[in-house]
Amino acid sequence: MKCYLKCVGDARHDPIEIRNDVETFIGRLRATEIKDVMCSRNQVSLRADFDKRNVNVKALGVNNSGINGFALKKDKMYVLQPDDVLEILLGKYFYEIVFESDPATDERTDQASVTPTVTTVKNANGVWESVGDGKLLIFTPDNVRASNKVAAYDLDGTIITTKSEKRFPQDVDDWKIFPYVAPKLSSLHQDDYKIVFFTNQNGISLGKYKVEDYKKKTEAIVTKLNLPIQVFAATGKTIYRKPMLGMWNYLCEHKNQSVKINKNESIFVGDAAGRPANKVLKTKKDHSTADRLFALNIGIKFQTPEEHFLKHSTSTWVRPLFDPKSFVASKSLLDPPDSRLVSTKLEVILMVGCPGSGKSTFATTHLVSSGYKWINQDTLKTWQNCLKHLENAVTAKQNSVIDNTNPSKETRRRYIDAAKKLKIQCRCFVMDVPFAHSKHNNIYRELTDSTHKPVNGIVMNTFNKHYEQPTVAEGFQEVVKVNFIPKFNSIDEEHLYRMYLVDS
């Protein structure tokens with residue numbers, strides 16, 4: 001196995017080898033042919049991890065370095081994945097990492113998975129396990145046994161409801177079991193099903209209630225049902241949260257005594273089923289689709305509590321606007337396909353796209369690497385500063401790309417007017433990615449890229465609210481659509497991308 005740091009675009013020099021677990025300094029050196037005085041001799045340090053096939057990056061220089069257009073904080077460690085673009089100086093000197101392995105000795109097809117830390121506490125009622133610093137909590141009573149058949153359930157709204165009849169429990173004791181639950185679970189247990197609860201408990205990570213209170217409540221519910229029930233709780237927005245498969249995978253890999261689960265014989269029941277409001281039955285729409293999508297991701301039968309316990313007919317539901325399982329990427333990056341990516345004329349390209357649409361990755365990979373000056377308001381703080389940098393680029397006879405979300409005509413107008421004043425052409429590249437697809441991409445990016453700063457849902461909703469489709473009539477020489485073409489570093493990453501990740 002070997003790892004190289006390789007120039008993006010026209011190679012200025014030969015690739016630089018980055019050794020496994022050995023610190024390598026990159027900056028204003030003979031090896032990089034960088035002579036820019038803004039770049040320190042030791043601008044960044046790199047350390048390859050052959051097991052994970054990535055490179056740990058630490059920014060050391062006085063001026064910012066970057067990854068995929070995002071500024072790195074000094075002395076903070078980041079992870080550089082294949083296909084990421086490392087900027088030795090933010091917006092300049094672009095590199096990618098390349099791993100080369102000997103096929104005769106390396107049979108790996110994907111990245112190694114990291115085994116999370118597990119702490120165990122035993123009490124009179126069973127064993128509690130905390131996985132990954134509390135991201136997943138598991139309760140296993142002593143009499144739980146493995147089975148190839150699993151009857152799995154959501155907890156709140158499926159097994160229990162509130163005694164107060166309010167939507168949310170008022171305290172740790174505000175719960176009661178639905179009267180029809182115990183007989184059904186007992187019957188399934190007698191039929192050799194393993195009974196499992198999978199529950200999202202994001203309130204723990206938000207500090208709305210304490211871990212010990214949740215544990216006390218869980219043990220009381222299992223004791224009341226008087227059955228061997230294993231309980232999994234995702235405590236935050238991580239890979240363990242439904243509809244993602246972290247809890248199910250952990251059950252299969254670690255908590256079923258190596259007994260393979262027969263999906264055709266198993267079932268998941270939950271009330272977050274994506275059902276619309278029903279005026280006739282006087283029912284409100286479901287708060288989420290997480291339970292139904294969880295079952296679809298697993299590939300097992302799904303039922304609502306009414307269907308499962310009360311034998312109601314199958315309910316209708318509203319499917320997600322973006323279906324990752326059927327998504328097929330376009331073969332052409334641009335639309336129209338013959339559109340020019342870069343121009344020989346002095347110009348500014350205005351990017352338009354929701355967070356998660358791939359806008360910044362496209363800009364840095366295809367435009368900045370071709371010599372365009374990268375201008376971004378997140379880095380420069382104000383649009384006025386963006387205009388100043390545009391003017392400086394024109395003075396230097398350098399093309400520019402404005403990498404902001406630019407949702408409305410109003411936000412775009414200031415750049416169109418500036419281009420006219422500067423007597424350069426202004427083109428628009430708009431990411432052709434629906435809002436629901438961008439939400440999926442954003443969650444996927446948070447799960448797979450440790451350097452990515454999470455995007456607040458309010459930011460995405462604000463973009464969607466103010467979005468106006470760009471047109472040539474606004475003053476653009478051309479409006480080009482950019483198709484989203486995902487790239488994966490491993491089979492596992494593509495498998496994750498094809499899962500339903502958005503729970504509502």
# chains A, B, ... in the order shown; residues from 1 in each chain; ligands from 1
call {"tool": "residues_around", "arguments": {"residues": "stretch 406-421 of chain A", "least_positions_apart": "5", "cutoff": "9 Å", "atoms": "only C-alpha atoms", "output": "list in words"}}
result
Glu347, Val348, Leu350, Met351, Val352, Gly353, Cys354, Trp383, Leu387, Leu390, Glu391, Cys426, Arg427, Phe463, Asn464, Lys465, His466, Tyr467, Glu468, Gln469, Pro470, Glu474, Gly475 and Phe476 of chain A
call {"tool": "select_by_dssp", "arguments": {"residues": "stretch 6-190 of chain A", "states": "strand (DSSP E or B)", "output": "ChimeraX atom specification"}}
result
/A:6-7,16-17,20,24-26,44-49,54-59,66-67,70-71,74,77-80,86-89,92-100,118-123,126-131,136-140,150-153,156,160-161,176-177
call {"tool": "residues_around", "arguments": {"residues": "stretch 297-305 of chain A", "least_positions_apart": "3", "cutoff": "7 Å", "atoms": "only C-alpha atoms", "output": "PyMOL selection string"}}
result
chain A and resi 158+263-264+266-271+273+292-294+308-309+499-500
call {"tool": "select_by_dssp", "arguments": {"residues": "stretch 67-269 of chain A", "states": "helix (DSSP H, G or I)", "output": "mmCIF file with C-alpha atoms, in the first residue's frame"}}
result
data_model
loop_
_atom_site.group_PDB
_atom_site.id
_atom_site.type_symbol
_atom_site.label_atom_id
_atom_site.label_comp_id
_atom_site.auth_asym_id
_atom_site.auth_seq_id
_atom_site.Cartn_x
_atom_site.Cartn_y
_atom_site.Cartn_z
ATOM 1 C CA VAL A 181 -49.831 -5.176 23.621
ATOM 2 C CA ALA A 182 -48.986 -7.809 26.261
ATOM 3 C CA PRO A 183 -51.160 -10.666 24.845
ATOM 4 C CA LYS A 184 -49.703 -10.209 21.333
ATOM 5 C CA LEU A 185 -46.106 -10.079 22.528
ATOM 6 C CA SER A 186 -46.622 -13.084 24.761
ATOM 7 C CA SER A 187 -48.048 -15.060 21.825
ATOM 8 C CA LEU A 188 -45.064 -14.184 19.634
ATOM 9 C CA HIS A 189 -42.648 -15.122 22.406
ATOM 10 C CA GLN A 190 -44.357 -18.502 22.711
ATOM 11 C CA ASN A 202 -32.961 12.231 20.874
ATOM 12 C CA GLY A 203 -34.103 13.978 24.048
ATOM 13 C CA ILE A 204 -31.160 12.432 25.882
ATOM 14 C CA SER A 205 -28.553 14.149 23.687
ATOM 15 C CA VAL A 211 -29.950 8.805 30.982
ATOM 16 C CA GLU A 212 -30.723 7.341 34.402
ATOM 17 C CA ASP A 213 -34.376 8.384 34.124
ATOM 18 C CA TYR A 214 -34.637 6.733 30.719
ATOM 19 C CA LYS A 215 -33.043 3.535 32.084
ATOM 20 C CA LYS A 216 -35.427 3.470 35.043
ATOM 21 C CA LYS A 217 -38.418 3.856 32.725
ATOM 22 C CA THR A 218 -37.176 1.161 30.315
ATOM 23 C CA GLU A 219 -36.615 -1.382 33.064
ATOM 24 C CA ALA A 220 -40.068 -0.666 34.488
ATOM 25 C CA ILE A 221 -41.737 -1.242 31.091
ATOM 26 C CA VAL A 222 -39.926 -4.537 30.504
ATOM 27 C CA THR A 223 -40.714 -5.689 34.058
ATOM 28 C CA LYS A 224 -44.392 -4.793 33.595
ATOM 29 C CA LEU A 225 -44.615 -6.825 30.371
ATOM 30 C CA GLY A 246 -27.158 1.294 13.094
ATOM 31 C CA MET A 247 -29.386 -0.330 15.762
ATOM 32 C CA TRP A 248 -30.463 -3.195 13.505
ATOM 33 C CA ASN A 249 -26.894 -3.885 12.363
ATOM 34 C CA TYR A 250 -25.658 -3.889 15.951
ATOM 35 C CA LEU A 251 -28.326 -6.435 16.858
ATOM 36 C CA CYS A 252 -27.328 -8.681 13.955
ATOM 37 C CA GLU A 253 -23.585 -8.371 14.462
ATOM 38 C CA HIS A 254 -23.274 -8.337 18.263
ATOM 39 C CA LYS A 263 -35.851 -11.326 7.385
ATOM 40 C CA ASN A 264 -38.758 -13.114 5.715
ATOM 41 C CA GLU A 265 -39.947 -14.281 9.142
#
